[in-house]
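**Student:** For reference, the structure I am asking about is given below.
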Number of protein chains: 4
Amino acid sequence: MSLNTFGHLFRVTTWGESHGPALGATVDGCPPGVDITPEMLQHWLDKRKPGQNKFTTQRREPDEVEILSGVFEGQSTGTPIQLMIRNTDQRSKDYGNISETFRPGHADITYWQKYGIRDYRGGGRSSARETAARVAAGGVARAAIKSLVPNLDIKGYMTQIGPHGIDRANFDWDQIDQNAFWTPDATAATNWATYLDDIRKTHNSVGAIIEVVARNVPAGLGAPIYGKLDTDLAAAMMSINAVKGVEIGEGMAAAALTGAENADEIFMGNDGSPVYSSNHAGGILGGISTGQDVVVRFAVKPTSSILTPRQSITKSGEPIEVVTKGRHDPCVGIRAVPVGEAMMACVILDHILLHRGQVGENRGKIG
Amino acid sequence: MSLNTFGHLFRVTTWGESHGPALGATVDGCPPGVDITPEMLQHWLDKRKPGQNKFTTQRREPDEVEILSGVFEGQSTGTPIQLMIRNTDQRSKDYGNISETFRPGHADITYWQKYGIRDYRGGGRSSARETAARVAAGGVARAAIKSLVPNLDIKGYMTQIGPHGIDRANFDWDQIDQNAFWTPDATAATNWATYLDDIRKTHNSVGAIIEVVARNVPAGLGAPIYGKLDTDLAAAMMSINAVKGVEIGEGMAAAALTGAENADEIFMGNDGSPVYSSNHAGGILGGISTGQDVVVRFAVKPTSSILTPRQSITKSGEPIEVVTKGRHDPCVGIRAVPVGEAMMACVILDHILLHRGQVGENRGKIG
Amino acid sequence: MSLNTFGHLFRVTTWGESHGPALGATVDGCPPGVDITPEMLQHWLDKRKPGQNKFTTQRREPDEVEILSGVFEGQSTGTPIQLMIRNTDQRSKDYGNISETFRPGHADITYWQKYGIRDYRGGGRSSARETAARVAAGGVARAAIKSLVPNLDIKGYMTQIGPHGIDRANFDWDQIDQNAFWTPDATAATNWATYLDDIRKTHNSVGAIIEVVARNVPAGLGAPIYGKLDTDLAAAMMSINAVKGVEIGEGMAAAALTGAENADEIFMGNDGSPVYSSNHAGGILGGISTGQDVVVRFAVKPTSSILTPRQSITKSGEPIEVVTKGRHDPCVGIRAVPVGEAMMACVILDHILLHRGQVGENRGKIG
Amino acid sequence: MSLNTFGHLFRVTTWGESHGPALGATVDGCPPGVDITPEMLQHWLDKRKPGQNKFTTQRREPDEVEILSGVFEGQSTGTPIQLMIRNTDQRSKDYGNISETFRPGHADITYWQKYGIRDYRGGGRSSARETAARVAAGGVARAAIKSLVPNLDIKGYMTQIGPHGIDRANFDWDQIDQNAFWTPDATAATNWATYLDDIRKTHNSVGAIIEVVARNVPAGLGAPIYGKLDTDLAAAMMSINAVKGVEIGEGMAAAALTGAENADEIFMGNDGSPVYSSNHAGGILGGISTGQDVVVRFAVKPTSSILTPRQSITKSGEPIEVVTKGRHDPCVGIRAVPVGEAMMACVILDHILLHRGQVGENRGKIG
């Protein structure tokens with residue numbers, strides 16, 4: 001996992017800035033013969049696209065993906081797939097005033113300190129627009145997974161916004177695509193709408209927690225010790241803009257449990273595969289998938305691009321009060337849902353290929 | 001970050017099983033001319049060594065590290081440093097009964113399913129003994145950091161055990177080395193002793209949260225987008241045995257904050273460097289260090305090796321009640337403290353070298 | 001060095017097929033603050049561009065490079081630089097007849113056997129057009145080298161075509177840019193023109209040897225054991241289409257020398273740096289640069305795309321006589337010269353950054 | 001391929017110096033369930049062991065390999081295999097006089113310039129003793145290959161010593177193990193013995209060319225563009241001490257051929273697989289194996305450790321005449337034969353795993 005690339009065998013390198021001519025992903029290592037069309041990728045990009053409701057930025061970016069290489073007559077060839085998304089709605093003037101100023105909570109100051117140069121327009125490389133490239137790459141990963149493990153399913157949803165969590169009793173998979181928050185709790189969706197409207201009107205923003213679940217993951221994916229499935233998932237999720245915490249299964253709450261509570265007991269299922277009494281482990285033991293749902297959660301901090309004035313300094317070290325105009329999301333967590341799904345897809349595919357490479361088929365039978 | 005190796009330029013590959021002849025770390029990329037002695041590394045290994053008080057396993061492993069290469073006349077040569085720790089207290093008979101059984105919550109079942117073969121003695125490769133190799137490698141990283149950024153300081157401590165957290169008002173750096181829990185809160189240490197004694201006596205175990213802080217980290221370390229400092233820290237900590245969650249700065253709690261609350265405001269300090277009103281970001285913005293304390297937390301689940309019986313299955317798929325005998329820690333989090341420190345040291349050094357490689361000196365001046 | 005990427009810190013990933021919409025290079029790890037313009041890169045691409053004289057293919061590809069990211073206001077930002085070259089002169093119909101046939105000496109058959117799908121138009125991914133992306137990336141590397149080691153100079157030239165080598169007594173650096181063969185021997189250039197014209201008229205092709213020299217390379221670049229400067233150069237050159245051999249310094253001829261002949265004796269130079277009586281080593285000892293000229297040679301096989309009929313088979317296993325029409329170079333070695341230079345530039349820059357990362361400044365002084 | 005590690009999925013990291021306590025290889029990514037015993041590895045180490053006849057150094061190093069991890073009850077577990085070889089015959093005093101002096105043609109000066117410190121005893125890290133670790137790792141690779149592609153066979157032999165090449169008309173596979181030079185030409189073996197004896201008696205040394213052939217390699221191994229099979233082989237061979245040139249198939253001589261001569265014509269074989277009229281390509285087209293023999297050659301320069309005096313300088317820059325005493329091989333090429341075989345085995349296995357990872361089974365059928 002180095003600089004702008006992630007993955008071992010299925011390798012994704014993203015490139016591009018918010019306000020340059022284009023951004024994209026160079027996807028290397030995709031198996032050959034996978035059905036891939038621009039429309040398939042566009043489906044996932046449209047989930048992330050801004051401007052779909054009042055809770056996401058009103059910038060109008062069509063985010064149309066072009067496949068420049070690696071796909072021939074509708075199938076992957078096994079060579080690098082270049083996915084390009086042109087930047088079209090670039091109101092650079094919105095950002096002119098931040099060229100000499102560091103927005104609190106932003107990467108402005110660290111990019112400057114490190115590199116001595118930065119494309120300040122819209123955050124440049126540190127803009128969340130970069131995640132569009134991940135979503136496109138995730139679309140390729142999903143297509144490849146479909147050809148290898150057809151019933152494997154990846155789904156993300158929001159479980160908390162600001163201090164307001166969902167009620168797990170209301171969990172309904174079918175609700176997720178029915179509301180502006182991608183949340184499985186319809187009641188929460190209603191309440192959150194009111195809450196977030198207030199946040200937006202008071203020129204503020206708020207954080208969120210997203211959970212991503214992969215179902216029907218084969219047992220045996222992941223590799224000790226530094227290529228663990230959870231290690232790679234943690235890195236993948238933490239690399240998303242604004243993410244400050246990552247949890248697998250029980251997550252931070254595992255600290256409060258006893259060993260007796262936490263141990264997922266094992267039984268033989270009717271189909272001859274092990275089943276578990278619970279899934280505190282989040283589908284991963286010793287870095288290797290158990291066959292249970294792989295469950296990852298991550299927290300997204302509130303965006304610092306707010307209209308509420310905050311104290312900061314300029315490049316020349318002068319104090320300044322910063323108000324970030326422009327068109328920003330009151331909760332960037334909403335659009336992080338498809339991004340988390342994409343990262344899950346890329347990591348899972350990578351480990352399917354890694355496992356096949358080193359081991360071939362699973363070797364240990366039970367029963 | 002691939003399989004048994006982590007790091008970009010400072011690369012650590014660990015090897016070895018719990019009950020094989022030895023385990024160790026192959027450390028590549030250490031700068032030349034760094035003063036390194038076995039005693040320096042042993043200092044950190046002794047922190048992790050079991051059997052030091054009643055709260056850690058009573059196995060007696062001296063964990064003596066031998067330097068087999070890469071150090072000449074007390075200095076690193078720039079070539080690979082092989083650190084070997086012999087396994088001495090191998091009561092393999094304690095584990096014989098688990099060769100055909102999968103302990104709930106353990107990697108027994110996933111290793112079997114993936115590989116069809118496993119060194120079941122003491123968990124084999126999935127044993128926490130592997131972390132001794134990390135601690136040794138971390139000692140090398142600390143030595144190199146000392147030569148490059150002398151005042152950089154790394155310290156880990158426990159902030160929660162089971163449901164009992166510390167009181168931050170009692171935080172005292174000097175307390176950390178004064179109690180069995182490496183905790184900065186003396187009152188907590190006293191209460192935890194009683195609590196953990198109960199856990200132990202009831203044949204149970206419990207989880208914990210460890211925080212690791214790096215102070216005086218230069219601004220500018222880390223690299224967008226997949227080589228972010230927090231990305232690499234998340235992977236590093238999540239790769240430690242039993243870790244289920246990783247947080248940077250505010251962590252999962254960032255979800256509940258508003259943008260106004262979360263933004264660390266920036267001012268000019270008296271020494272001409274930026275200072276911040278707070279450190280919700282945990283010392284990292286956009287994946288790059290700010291110069292503030294780098295703050296990482298991780299949760300360790302309770303060990304599943306307990307005397308309380310749990311339901312499981314055998315290799316042949318028969319139900320079985322598992323009671324894990326042997327000498328296990330009631331809270332593995334205690335011994336995870338020096339491991340977390342070691343991982344922090346390795347990641348920070350790696351990024352010091354990476355930054356020097358790509359950028360040289362920091363380029364952007366303020367003021 | 002993995003699949004479509006090469007380099008450790010300065011990493012180049014190329015993508016694209018001969019007859020897709022575009023091809024390019026994703027360049028990661030470039031130092032920030034390097035002056036880079038499209039014109040600077042175009043300069044090198046124009047050296048490689050076909051159709052410049054009768055000895056190179058008459059395809060008309062302007063090979064115009066666009067910088068899509070990583071350069072802001074004329075300077076590198078330290079983030080990925082995307083270099084895109086659109087494919088414009090795509091006479092796909094020239095290639096239609098090879099979709100079912102394997103050209104002898106071509107990658108047609110192996111791509112098919114491996115992947116079961118290939119973009120057969122113009123060789124697809126295996127086309128030498130891919131080297132345009134390398135040349136563009138090499139332009140970035142040259143710019144970065146210029147900012148770090150200003151007097152470092154990289155120059156490639158042809159030393160043999162078919163069986164006809166140059167006379168080293170005629171070696172004249174200034175001649176290199178004066179003839180169609182990039183050769184330092186003016187007499188050879190004249191003779192070769194006649195020779196190659198014959199080859200071309202007889203519908204044949206011929207191989208060549210290219211030498212690339214880097215002058216004023218600082219001592220100390222390269223790293224034992226598998227990151228040796230010569231190891232990376234060997235890989236870089238062997239990865240170029242049609243290359244079948246790579247030599248450092250004396251190369252294969254070193255086998256015939258005695259130790260007494262081969263040892264480059266060492267003296268102190270007037271400027272306090274070591275000087276050598278000879279350079280059999282090609283500027284590299286133990287994988288690390290000595291400060292002498294780094295000398296690499298590689299052999300390019302004759303292209304198999306010839307009008308002379310050769311026996312082959314079709315996908316269905318039927319025998320067929322293959323005559324490759326289209327517009328092909330009688331000696332692809334000519335256009336390999338700027339490609340070899342580009343690879344040298346990328347490898348040297350990578351090792352400058354690697355050395356700075358691990359070691360900082362050279363540490364051992366002499367005298 | 002980074003610093004002291006090579007390979008993508010089957011990764012080998014070597015460590016250790018000539019006169020430290022031990023050296024070895026950390027082998028990661030080996031498939032599980034492969035039969036591996038110390039005796040199997042020792043077999044190959046014994047081929048490389050010095051002191052077997054008067055043409056190799058008279059140092060007595062038993063080179064006994066210990067397996068410290070990754071093998072359980074005689075089978076690989078899929079976790080890292082640590083192979084350690086203790087250094088026993090360390091006459092360090094032989095080397096004391098070179099601590100302040102740079103031997104011409106040796107890495108002494110470059111290690112010093114780069115690192116400012118070096119283990120000068122016996123060449124330290126740059127000693128050819130490091131290749132013992134490769135041979136051990138190669139033994140693991142051979143074992144894994146045997147389990148995956150049982151009839152795949154790897155064999156190295158010497159084709160030239162000094163100016164004296166073999167006569168290909170005398171080629172006899174069975175001769176290779178019958179003479180001190182691992183050469184398939186019995187007549188050459190006799191002549192070379194006289195020749196090398198002269199070289200030895202005149203206190204000189206001489207170079208050699210080694211050819212390594214892999215037979216029954218499946219078609220489809222290797223990956224464009226920078227993970228080509230020949231790219232990785234070139235790097236692997238060039239990384240061996242004293243190697244100055246690497247050739248695939250026709251090698252440097254390909255330059256002198258015409259396209260009509262060089263094209264290996266393709267026919268259908270009786271077993272339904274393609275057969276070729278010749279193998280100029282060395283079994284690789286477009287970086288991917290054709291199913292023909294994979295043929296690699298490399299040139300080893302004469303060792304510079306000779307008793308003939310050569311001019312050099314000391315650390316303080318004073319001129320000095322260097323005579324290298326100690327026990328050195330008159331032709332290090334002899335012992336390079338098993339090393340070349342080992343590197344071939346590691347690269348081939350790596351590509352078998354890589355291919356299985358990305359593609360699974362070969363997808364394109366012929367006929």
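A note on labels: chains of the structure tokens are A, B, ... as shown, every chain counts residues from 1, and ligands are counted from 1 in their shown order.
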Can you list every residue in range 42-211 of chain C that DSSP puts in helix (DSSP H, G or I), as an NGL selection string?

**Tutor:** :C and (42-48 or 92-98 or 108-115 or 121-126 or 130-148 or 168-170 or 173-178 or 186-201)

**Student:** Residues at most 8 Å from Thr79 in chain A, counting only C-alpha atoms, excluding those fewer than 4 positions away in the same chain, as a CSV table (one decimal) with N, CA, C and O atoms, in the first residue's frame?

**Tutor:**
```csv
chain,number,residue,atom,x,y,z
A,28,ASP,N,-5.2,-2.0,-12.0
A,28,ASP,CA,-4.3,-3.1,-12.5
A,28,ASP,C,-4.6,-4.4,-11.9
A,28,ASP,O,-4.9,-4.5,-10.7
A,29,GLY,N,-4.5,-5.5,-12.6
A,29,GLY,CA,-4.7,-6.8,-12.0
A,29,GLY,C,-6.1,-7.4,-12.1
A,29,GLY,O,-6.3,-8.5,-11.5
A,30,CYS,N,-7.0,-6.7,-12.8
A,30,CYS,CA,-8.3,-7.3,-12.9
A,30,CYS,C,-8.3,-8.6,-13.7
A,30,CYS,O,-7.5,-8.7,-14.7
A,32,PRO,N,-9.1,-11.3,-16.5
A,32,PRO,CA,-9.6,-11.2,-17.8
A,32,PRO,C,-11.0,-11.8,-18.0
A,32,PRO,O,-11.4,-12.6,-17.2
A,69,SER,N,-9.0,2.2,-21.4
A,69,SER,CA,-8.1,1.0,-21.7
A,69,SER,C,-8.5,-0.2,-20.9
A,69,SER,O,-9.3,-0.1,-20.0
A,70,GLY,N,-8.0,-1.3,-21.3
A,70,GLY,CA,-8.2,-2.6,-20.6
A,70,GLY,C,-9.5,-3.3,-20.7
A,70,GLY,O,-9.7,-4.4,-20.2
C,15,TRP,N,-0.5,2.5,-19.0
C,15,TRP,CA,-1.8,1.9,-19.3
C,15,TRP,C,-2.1,2.2,-20.8
C,15,TRP,O,-1.6,3.1,-21.4
C,125,ARG,N,-2.1,-4.2,-26.1
C,125,ARG,CA,-1.2,-3.8,-25.0
C,125,ARG,C,0.2,-4.1,-25.3
C,125,ARG,O,1.1,-3.5,-24.7
D,224,PRO,N,2.4,-8.6,-18.8
D,224,PRO,CA,2.8,-7.3,-19.3
D,224,PRO,C,2.5,-6.3,-18.2
D,224,PRO,O,1.5,-6.5,-17.4
```

**Student:** Show me, as a ChimeraX atom specification, the residues of chain D whose atoms get within 9 Å of chain B, using only C-alpha atoms for the distance check.

**Tutor:** /D:2-5,9,13-17,20-23,26,28-29,31-33,67-73,75-82,115-119,125

**Student:** Considering only C-alpha atoms, return as a PyMOL selection string whatever protein or nucleic-acid residues lie within 9 Å of Gly272 in chain A, sequence-local ones (same chain, fewer than 5 positions apart) excluded.

**Tutor:** (chain A and resi 366-367) or (chain B and resi 317)

**Student:** Skipping near chain neighbours, those fewer than 4 positions away, what residues fall within 7 Å of range 255-262 of chain A using only C-alpha atoms, listed as a list in words?

**Tutor:**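 Contacts, with the query itself left out: His280 of chain A; Ile161, Gly162, Pro163, Asn204, Ser205, Val206, Gly207, Ala208, Ile209, Ala299, Val300, Lys301, Pro302, Thr303, Ser304, Ile306 and Thr308 of chain B.
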
**Student:** Those residues you just picked out, can you put them in a file as a compact mmCIF listing (two decimals), in the first residue's frame with all heavy atoms?

**Tutor:**
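Dumped to result-v5.txt:
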```
# COMPACT_ATOMS: atom_id res chain seq x y z
N HIS A 280 -19.47 -11.35 16.90
CA HIS A 280 -18.66 -10.27 17.49
C HIS A 280 -17.41 -10.02 16.66
O HIS A 280 -16.88 -8.92 16.63
CB HIS A 280 -18.26 -10.64 18.92
CG HIS A 280 -19.42 -10.79 19.84
ND1 HIS A 280 -20.18 -9.72 20.24
CD2 HIS A 280 -19.96 -11.88 20.44
CE1 HIS A 280 -21.15 -10.15 21.06
NE2 HIS A 280 -21.04 -11.46 21.20
N ILE B 161 -10.20 -0.64 30.62
CA ILE B 161 -10.15 -2.10 30.75
C ILE B 161 -11.56 -2.56 31.05
O ILE B 161 -12.23 -2.00 31.93
CB ILE B 161 -9.14 -2.55 31.84
CG1 ILE B 161 -8.97 -4.07 31.83
CG2 ILE B 161 -9.50 -2.05 33.22
CD1 ILE B 161 -7.73 -4.54 32.59
N GLY B 162 -12.03 -3.51 30.27
CA GLY B 162 -13.45 -3.84 30.39
C GLY B 162 -14.24 -2.56 30.23
O GLY B 162 -13.92 -1.73 29.38
N PRO B 163 -15.25 -2.34 31.06
CA PRO B 163 -16.05 -1.13 30.91
C PRO B 163 -15.46 0.08 31.63
O PRO B 163 -16.04 1.16 31.60
CB PRO B 163 -17.39 -1.54 31.55
CG PRO B 163 -17.02 -2.59 32.55
CD PRO B 163 -15.79 -3.29 32.03
N ASN B 204 -12.36 -15.89 33.48
CA ASN B 204 -12.82 -15.10 32.35
C ASN B 204 -11.68 -14.21 31.86
O ASN B 204 -10.54 -14.33 32.33
CB ASN B 204 -14.03 -14.26 32.78
CG ASN B 204 -15.03 -14.07 31.64
OD1 ASN B 204 -14.68 -14.13 30.48
ND2 ASN B 204 -16.27 -13.83 32.01
N SER B 205 -11.96 -13.36 30.92
CA SER B 205 -10.96 -12.43 30.41
C SER B 205 -11.71 -11.17 30.01
O SER B 205 -12.94 -11.15 30.01
CB SER B 205 -10.23 -13.02 29.21
OG SER B 205 -11.13 -13.20 28.13
N VAL B 206 -10.96 -10.14 29.66
CA VAL B 206 -11.63 -8.88 29.36
C VAL B 206 -10.79 -8.08 28.36
O VAL B 206 -9.57 -8.28 28.25
CB VAL B 206 -11.87 -8.09 30.68
CG1 VAL B 206 -10.58 -7.45 31.18
CG2 VAL B 206 -12.96 -7.06 30.50
N GLY B 207 -11.47 -7.19 27.62
CA GLY B 207 -10.79 -6.37 26.63
C GLY B 207 -10.21 -5.09 27.21
O GLY B 207 -10.28 -4.85 28.43
N ALA B 208 -9.64 -4.27 26.34
CA ALA B 208 -9.02 -3.03 26.80
C ALA B 208 -8.85 -2.06 25.64
O ALA B 208 -8.95 -2.44 24.48
CB ALA B 208 -7.65 -3.33 27.41
N ILE B 209 -8.62 -0.81 26.01
CA ILE B 209 -8.27 0.20 24.99
C ILE B 209 -6.90 0.77 25.33
O ILE B 209 -6.63 1.12 26.49
CB ILE B 209 -9.34 1.31 24.91
CG1 ILE B 209 -10.66 0.70 24.40
CG2 ILE B 209 -8.87 2.45 24.02
CD1 ILE B 209 -11.80 1.70 24.25
N ALA B 299 -8.67 -0.86 20.25
CA ALA B 299 -9.36 -1.74 21.20
C ALA B 299 -8.88 -3.16 21.00
O ALA B 299 -8.79 -3.65 19.87
CB ALA B 299 -10.86 -1.67 20.98
N VAL B 300 -8.58 -3.81 22.11
CA VAL B 300 -8.19 -5.21 22.11
C VAL B 300 -9.34 -6.02 22.68
O VAL B 300 -9.84 -5.71 23.77
CB VAL B 300 -6.92 -5.41 22.96
CG1 VAL B 300 -6.54 -6.87 23.04
CG2 VAL B 300 -5.79 -4.57 22.42
N LYS B 301 -9.76 -7.02 21.96
CA LYS B 301 -10.86 -7.84 22.46
C LYS B 301 -10.35 -8.75 23.58
O LYS B 301 -9.14 -8.97 23.70
CB LYS B 301 -11.46 -8.68 21.32
CG LYS B 301 -10.56 -9.81 20.82
CD LYS B 301 -11.25 -10.66 19.77
CE LYS B 301 -10.33 -11.80 19.33
NZ LYS B 301 -10.91 -12.62 18.27
N PRO B 302 -11.25 -9.28 24.40
CA PRO B 302 -10.82 -10.22 25.44
C PRO B 302 -10.33 -11.51 24.80
O PRO B 302 -10.87 -11.94 23.78
CB PRO B 302 -12.10 -10.46 26.24
CG PRO B 302 -13.21 -10.14 25.30
CD PRO B 302 -12.70 -9.04 24.42
N THR B 303 -9.30 -12.07 25.37
CA THR B 303 -8.81 -13.32 24.80
C THR B 303 -9.88 -14.39 24.92
O THR B 303 -10.63 -14.45 25.89
CB THR B 303 -7.53 -13.81 25.49
OG1 THR B 303 -7.12 -15.02 24.85
CG2 THR B 303 -7.75 -14.09 26.97
N SER B 304 -9.94 -15.23 23.93
CA SER B 304 -10.90 -16.33 23.93
C SER B 304 -10.34 -17.56 24.63
O SER B 304 -11.04 -18.56 24.78
CB SER B 304 -11.27 -16.68 22.50
OG SER B 304 -11.60 -15.52 21.79
N ILE B 306 -10.03 -19.08 27.53
CA ILE B 306 -10.51 -18.99 28.90
C ILE B 306 -10.91 -20.37 29.42
O ILE B 306 -11.13 -21.29 28.64
CB ILE B 306 -11.72 -18.02 29.01
CG1 ILE B 306 -12.80 -18.38 27.97
CG2 ILE B 306 -11.27 -16.59 28.85
CD1 ILE B 306 -14.04 -17.54 28.04
N THR B 308 -13.60 -20.88 31.06
CA THR B 308 -15.06 -21.03 30.97
C THR B 308 -15.39 -21.85 29.72
O THR B 308 -14.91 -21.53 28.65
CB THR B 308 -15.72 -19.64 30.86
OG1 THR B 308 -15.26 -18.84 31.95
CG2 THR B 308 -17.23 -19.74 30.89
```

**Student:** Please measure the separation of CA of Ala141 in chain B and CA of Gln42 in chain B, giving the value in Å to one decimal.

**Tutor:** 13.5 Å

**Student:** Which residues come within 12 Å of Thr110 in chain B, counting only C-alpha atoms, excluding same-chain residues fewer than 2 positions away, as a VMD selection string?

**Tutor:** (chain A and resid 218 to 224 228 to 229 274 283 to 292 362 to 366) or (chain B and resid 101 to 108 112 to 118 120 123 126 315)

**Student:** Let me make sure I understand: among D:Ala336, D:Ala263, D:Asp271, D:Asn151, which one has the smallest atom-to-atom distance to Arg310 in chain C if we use only C-alpha atoms?

**Tutor:**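 Looking only at the distances to Arg310 in chain C, the closest residue turns out to be D:Ala263.
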
**Student:** Looking only at strand (DSSP E or B) from DSSP on the backbone, list the matching residues of range 95-327 of chain B as a VMD selection string.

**Tutor:** chain B and resid 101 153 to 161 164 to 165 206 208 to 215 223 227 243 to 248 258 266 to 268 274 to 276 284 to 285 288 to 289 294 to 300 310 to 314 319 to 322

**Student:** What is the distance, in Å and to one decimal place, between CA of Thr56 in chain B and CA of Leu349 in chain B?

**Tutor:**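 CA of Thr56 in chain B sits 29.7 Å away from CA of Leu349 in chain B.
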
**Student:** Can you work out the spacing between CA of Met252 in chain D and CA of Gly245 in chain C in Å, to one decimal?

**Tutor:**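 Going from CA of Met252 in chain D over to CA of Gly245 in chain C covers 5.0 Å.
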
**Student:** Within 7 Å of Val217 in chain A, counting only C-alpha atoms, which residues qualify if same-chain residues fewer than 3 places away don't, as a list in words?

**Tutor:**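 Everything that qualifies: Leu152, Ala214, Gly291 and Asp293 of chain A.
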